[in-house]
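**Student:** First the structure, then my questions, so here it is.
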Amino acid sequence: MPRAKLDFQIDTIKQDILKMTKVVEEQLRDAMKALSHLDRELAQRVIEKDDETNALYGEIKERCIQTIALQQPVAKDLRIISIAMDVASNLERVGDYAVDIAKNVDYILKESPHLSEEFNRDVLKLIDGEGEKNLMIEMGEVVARMVKDSGPAFIHEDSRKIEEINRLEDQVDDLFRKIFRRLEDISRKDTEGVSFALNLILTARYLERIADHSVNITKRTCYAMKGKEEYV
Amino acid sequence: MISKHTTDKLAKAWLWMSAILIILILLSVLGYIFVMGIGAMSVSFLLDMPKNNWREGGIFPAILGSLIVVVVAISFAGPVGVGTAVYLTEFQKEGNVSRIIRISSDALNAVPSIVFGLFGLSLFVFYLKDYTGGPSLLSAGLTLGFMVLPTIIRTSEVAMRSVPYAERMESYGLGASKLQTIRNIVLPGAVPGIATGLILSIGRAVGETAPIIFMVALNPTIPESLFGSGNTLTTQLYYLAMEGISLKVAFGTALTLMLIILILNAITRVFKKRLSRNLRRG
Amino acid sequence: MDSKNKIEVKNLNLWYGDKPALKDNNLSVKEKRVTALIGPSGCGKSTFVRCINRMNDLIDGVRITGSVLLDGKNIYDKDVDVVALRKMVGMVFQRPNPFPMSIFDNIAYGPRIHGIKDKDTLRKIVEESLVGAALWDEVSDRLATNALDLSGGQQQRLCIARSLAVKPEVILFDEPCSALDPIATGKIEDLIHELRKKYTIVIVTHNMQQAARVSDYTGFFLLGKLLEFGKTRDIFENPKKKETEDYITGRFG
């Protein structure tokens with residue numbers, strides 16, 4: 001079997017990417033759950049889990065560089081390995097954003113008692129796990145789906161998953177705009193809570209950035225597949 | 001059942017004895033001639049004219065005759081032989097023509113020397129006598145030339161083929177023509193082999209008797225020209241022994257001949273070593 | 001980066017007797033660039049390159065159809081002087097073959113063949129060629145010594161200097177480093193990079209990394225046919241044909 005060693009390395013890298021995707025997806029979902037239930041302990045666990053994510057990222061990067069040095073891959077082999085490094089980097093950022101979202105839990109728990117009840121009611125509805133206007137939760141759900149598919153889309157060169165992820169991005173943009181307007185309305189009515197609202201905007205922003213990273217992964221996958229960065 | 005060890009030893013002993021036998025035969029022949037002929041040898045023997053029907057004086061005419069005959073032979077066979085070899089290696093594709101040339105050349109080599117003598121007699125002495133002067137040193141030289149021609153062709157061809165094809169290719173790659181490549185690369189590289197062939201042919205020519213026995217005379221004088229007849233060391237030896245004129249002079253002649261041959265052989269060996277050191281083809 | 005075509009090969013076919021060795025090949029070699037030809041053993045790349053300076057003419061039974069244009073003129077036309085062609089298109093072979101002469105005489109061989117006799121001119125040419133081949137510093141004090149005393153890498157650079165001495169415009173390299181160790185190979189590759197400024201270079205190599213390191217354009221040969229040709233970085237990052245990809249990633253066979 002020619003290049004058995006190289007193939008083995010590439011397979012291991014792909015398996016690690018899948019693992020990292022799962023870990024990061026879990027981080028995100030836990031962060032959103034911690035936010036909606038205002039669960040301080042869960043939030044703390046999310047923050048600690050980032051060590052695992054970073055360790056995985058380091059491993060993947062190391063293996064990629066070693067393979068390049070020792071196996072001199074070219075053409076598609078090389079594209080896959082260099083993009084794996086990109087993908088891992090994107091996933092690592094997703095993990096960081098999940099941590100940022102988790103950090104908000106503490107902030108909310110500290111701030112909300114100081115604000116008016118009406119404000120709290122309106123705002124928290126955004127992040128409440130029940131009711132119809134839980135836009136943030138919905139956004140989190142969509143983004144989590146994007147993250148879940150991104151790793152496998154790269155590994156399996158799945159053009160359907162790539163299409164789906166890109167489609168979901170529009171939904172995410174839409175939700176972000178809605179959240180933004182709601183928070184704008186709410187804080188206009190009660191200027192005491194402006195900084196609080198701004199913080200929640202940041203959370204939505206983090207989710208939007210996570211979505212961006214998932215889309216980036218699909219773009220890089222297209223390059224690995226075709227040598228050009230465009231839709232398959 | 002004889003053990004392998006024993007058969008080994010027996011074989012070794014037998015080969016050893018064969019070698020010793022060869023050396024003994026060589027030494028006895030040389031030794032005998034040396035012993036019998038040394039009495040006649042002296043500087044005057046080599047440089048003086050024979051007097052009193054060879055009973056006194058020297059053998060200078062014979063030495064000169066041998067020299068002239070050899071020069072004629074090589075002057076003819078050298079260019080023709082090397083030229084043929086050049087043609088065979090560089091210009092002729094391997095095929096029927098080159099095969100015919102080679103077979104002819106080998107056959108020529110196998111012709112008995114006395115038959116050559118008869119051929120030379122018919123062609124040079126009788127048929128072409130107006131051009132060669134009949135039984136002359138010229139005729140003798142040409143006859144010997146014919147004889148050594150195959151050897152020169154063979155050795156020259158081998159020498160030229162030993163020049164690696166890669167060197168020719170490099171020459172062509174630099175824009176040299178075929179002739180330029182032959183002149184600058186192939187021939188210079190073949191010089192040791194060609195020279196060896198020439199010297200061996202000289203040795204052979206000097207030592208042949210039968211081919212020229214009919215065209216030289218027992219002359220105690222130096223011939224005036226190539227067209228005159230003279231004698232050579234070999235023919236002189238034959239006559240002196242046959243006619244019983246002087247066995248002492250005969251052995252002296254033989255010794256002179258042997259010395260010439262030995263010197264030529266030594267030159268060949270030195271030449272080979274020196275030239276191969278210079279060229280050092282890895 | 002795009003320069004004009006120095007050599008254009010059109011519909012080149014070659015037979016050794018009855019056996020076809022090159023099948024309908026079309027290729028353009030850009031001026032003052034390095035073009036590498038890669039492919040598995042026996043794929044015809046050496047045969048192809050020998051058509052460019054008509055060295056295949058020396059082999060019996062070779063039949064060629066198609067054309068090879070050098071500066072627009074077909075080198076297989078009846079009125080072409082092969083000697084002049086080989087002056088314009090030099091060749092460096094796989095194994096270094098210095099003539100059994102002094103270093104000076106080796107380099108001067110080419111110019112002398114072409115009629116240059118003046119000693120001063122020859123001396124100047126020898127020095128220029130040795131400088132051009134990055135060998136001058138190492139041998140300038142012993143030009144009269146036998147060329148066979150040099151190391152393998154030096155001998156190969158001598159052969160390059162020998163080719164430079166006849167002032168070619170194109171230099172063909174046929175696996176020039178296969179008999180050399182890595183350090184000597186590196187020196188030759190650096191030299192090729194320098195030579196590229198003045199000469200059009202075609203290099204046949206079975207070492208893909210070398211082709212990737214050294215060339216601007218690469219052609220992939222398989223079974224006598226040029227399968228893919230393009231800028232080296234495109235071929236090695238994103239080849240178009242599967243056979244090319246299989247070969248350069250080492251998954252052949």
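To be explicit about the labels: the chains of the structure tokens are called A, B, and onward in the order shown, and within each one the residues are counted from 1, while ligands get numbers from 1 in the order they are shown.
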Write out as CSV a residue-level contact list of chain B versus chain C with cut-off 10 Å: for each qualifying residue the closest pair of atoms and the distance in Å to one decimal, counting only C-alpha atoms, rows sorted by chain and residue number upward.
**Tutor:**
residue,atom,partner,partner_atom,distance
B:Lys93,CA,C:Asp60,CA,8.4
B:Pro164,CA,C:Asn97,CA,9.4
B:Ala166,CA,C:Asn97,CA,6.8
B:Glu167,CA,C:Asn97,CA,6.3
B:Arg168,CA,C:Phe99,CA,9.5
B:Met169,CA,C:Met55,CA,8.2
B:Glu170,CA,C:Asn97,CA,7.2
B:Ser171,CA,C:Gly110,CA,8.0
B:Tyr172,CA,C:Arg86,CA,7.8
B:Gly173,CA,C:Arg86,CA,6.0
B:Leu174,CA,C:Gly110,CA,5.8
B:Gly175,CA,C:Val83,CA,4.5
B:Ala176,CA,C:Ile113,CA,6.1
B:Ser177,CA,C:Val83,CA,6.7
B:Gln180,CA,C:Ile113,CA,7.2
B:Thr181,CA,C:Ile113,CA,9.1
B:Asn184,CA,C:Tyr109,CA,8.9
B:Ile185,CA,C:Phe99,CA,7.8
B:Pro188,CA,C:Pro100,CA,9.6
B:Gly189,CA,C:Pro100,CA,8.2
B:Asn278,CA,C:Pro100,CA,8.2
B:Leu279,CA,C:Pro100,CA,5.6
B:Arg280,CA,C:Pro100,CA,7.2
B:Arg281,CA,C:Pro100,CA,7.0
B:Gly282,CA,C:Leu148,CA,7.9
**Student:** Only N, CA and C atoms, please: the residues just picked out, written as a compact mmCIF listing (two decimals), in the first residue's frame.
**Tutor:**
# COMPACT_ATOMS: atom_id res chain seq x y z
N LYS B 93 26.99 -0.03 -40.05
CA LYS B 93 26.06 -0.62 -39.09
C LYS B 93 26.36 -2.11 -39.00
N PRO B 164 34.34 4.70 -24.47
CA PRO B 164 32.93 4.61 -24.08
C PRO B 164 32.04 5.44 -25.00
N ALA B 166 29.54 6.98 -24.31
CA ALA B 166 29.13 8.23 -23.66
C ALA B 166 30.03 9.38 -24.08
N GLU B 167 31.34 9.11 -24.24
CA GLU B 167 32.23 10.20 -24.63
C GLU B 167 31.91 10.69 -26.03
N ARG B 168 31.57 9.77 -26.91
CA ARG B 168 31.19 10.18 -28.26
C ARG B 168 29.93 11.06 -28.19
N MET B 169 28.99 10.61 -27.34
CA MET B 169 27.74 11.35 -27.24
C MET B 169 27.98 12.76 -26.75
N GLU B 170 28.86 12.90 -25.76
CA GLU B 170 29.17 14.23 -25.25
C GLU B 170 29.73 15.09 -26.38
N SER B 171 30.59 14.48 -27.17
CA SER B 171 31.19 15.24 -28.27
C SER B 171 30.13 15.70 -29.26
N TYR B 172 29.25 14.78 -29.64
CA TYR B 172 28.18 15.16 -30.56
C TYR B 172 27.30 16.24 -29.94
N GLY B 173 27.02 16.08 -28.63
CA GLY B 173 26.16 17.03 -27.94
C GLY B 173 26.71 18.44 -27.98
N LEU B 174 28.05 18.56 -28.08
CA LEU B 174 28.65 19.88 -28.13
C LEU B 174 28.70 20.42 -29.56
N GLY B 175 28.18 19.66 -30.49
CA GLY B 175 28.10 20.16 -31.86
C GLY B 175 29.24 19.68 -32.75
N ALA B 176 29.97 18.64 -32.32
CA ALA B 176 31.05 18.15 -33.18
C ALA B 176 30.48 17.27 -34.27
N SER B 177 31.18 17.26 -35.42
CA SER B 177 30.76 16.36 -36.49
C SER B 177 31.35 14.99 -36.22
N GLN B 180 35.12 15.00 -36.61
CA GLN B 180 35.79 15.67 -35.49
C GLN B 180 35.80 14.78 -34.26
N THR B 181 34.69 14.09 -34.03
CA THR B 181 34.63 13.22 -32.87
C THR B 181 35.64 12.08 -33.01
N ASN B 184 39.20 13.60 -32.51
CA ASN B 184 39.57 14.17 -31.21
C ASN B 184 39.28 13.27 -30.02
N ILE B 185 38.32 12.39 -30.17
CA ILE B 185 37.93 11.60 -29.00
C ILE B 185 38.25 10.12 -29.19
N PRO B 188 42.32 9.26 -30.28
CA PRO B 188 43.22 9.43 -29.15
C PRO B 188 42.97 8.42 -28.05
N GLY B 189 41.70 8.10 -27.83
CA GLY B 189 41.40 7.14 -26.78
C GLY B 189 41.83 5.74 -27.17
N ASN B 278 47.81 7.36 -18.22
CA ASN B 278 47.45 8.71 -18.63
C ASN B 278 45.97 8.87 -18.88
N LEU B 279 45.39 7.85 -19.44
CA LEU B 279 44.01 8.05 -19.85
C LEU B 279 43.02 7.71 -18.74
N ARG B 280 43.31 6.73 -17.95
CA ARG B 280 42.55 6.45 -16.74
C ARG B 280 41.05 6.53 -16.91
N ARG B 281 40.54 5.71 -17.77
CA ARG B 281 39.11 5.73 -17.96
C ARG B 281 38.46 4.98 -16.82
N GLY B 282 37.69 5.69 -16.01
CA GLY B 282 37.06 5.09 -14.84
C GLY B 282 36.03 4.07 -15.24
**Student:** Can you tell me which residues surround C:Asp141 at a distance of at most 12 Å, considering only C-alpha atoms, apart from same-chain residues fewer than 3 positions away, and format the answer as a count of residues only?
**Tutor:** 9
**Student:** Could you check how far atom CA of A:Ile108 sits from atom CA of A:Arg29, in Å to one decimal?
**Tutor:** 18.2 Å
**Student:** Select, as a tab-separated table (two decimals) with C-alpha atoms, in the first residue's frame, those residues of chain C with any atom no more than 12 Å from chain A (distances computed using only C-alpha atoms).
**Tutor:**
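Contents of selection-v9.tsv, freshly written:
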chain	number	residue	atom	x	y	z
C	208	MET	CA	9.56	15.07	-7.99
C	209	GLN	CA	10.68	17.21	-5.14
C	212	ALA	CA	8.94	21.15	-7.54
C	232	THR	CA	4.67	24.01	-11.35
C	233	ARG	CA	2.75	25.42	-8.40
C	234	ASP	CA	-0.54	24.49	-10.01
C	235	ILE	CA	0.59	20.98	-10.82
C	236	PHE	CA	1.78	20.34	-7.28
C	237	GLU	CA	-1.04	22.06	-5.43
C	238	ASN	CA	-3.97	21.16	-7.60
C	239	PRO	CA	-3.32	18.84	-10.58
C	240	LYS	CA	-6.13	18.44	-13.06
C	241	LYS	CA	-5.68	14.81	-14.04
C	242	LYS	CA	-6.05	11.91	-11.67
C	244	THR	CA	-0.90	13.26	-12.35
C	245	GLU	CA	-2.23	13.42	-8.81
C	246	ASP	CA	-1.60	9.72	-8.26
C	247	TYR	CA	1.95	10.05	-9.50
C	248	ILE	CA	2.97	13.10	-7.52
C	249	THR	CA	1.38	11.90	-4.29
C	250	GLY	CA	3.23	8.65	-4.68
C	251	ARG	CA	0.11	6.51	-4.93
C	252	PHE	CA	1.11	5.13	-8.32
C	253	GLY	CA	0.94	1.42	-9.01
**Student:** Show which residues sit within 10 Å of A:Glu52, as JSON, numbers by chain. Count only C-alpha atoms, and ignore same-chain residues fewer than 2 positions away.
**Tutor:** {"A": [20, 23, 24, 48, 49, 50, 54, 55, 56, 57, 58, 95]}
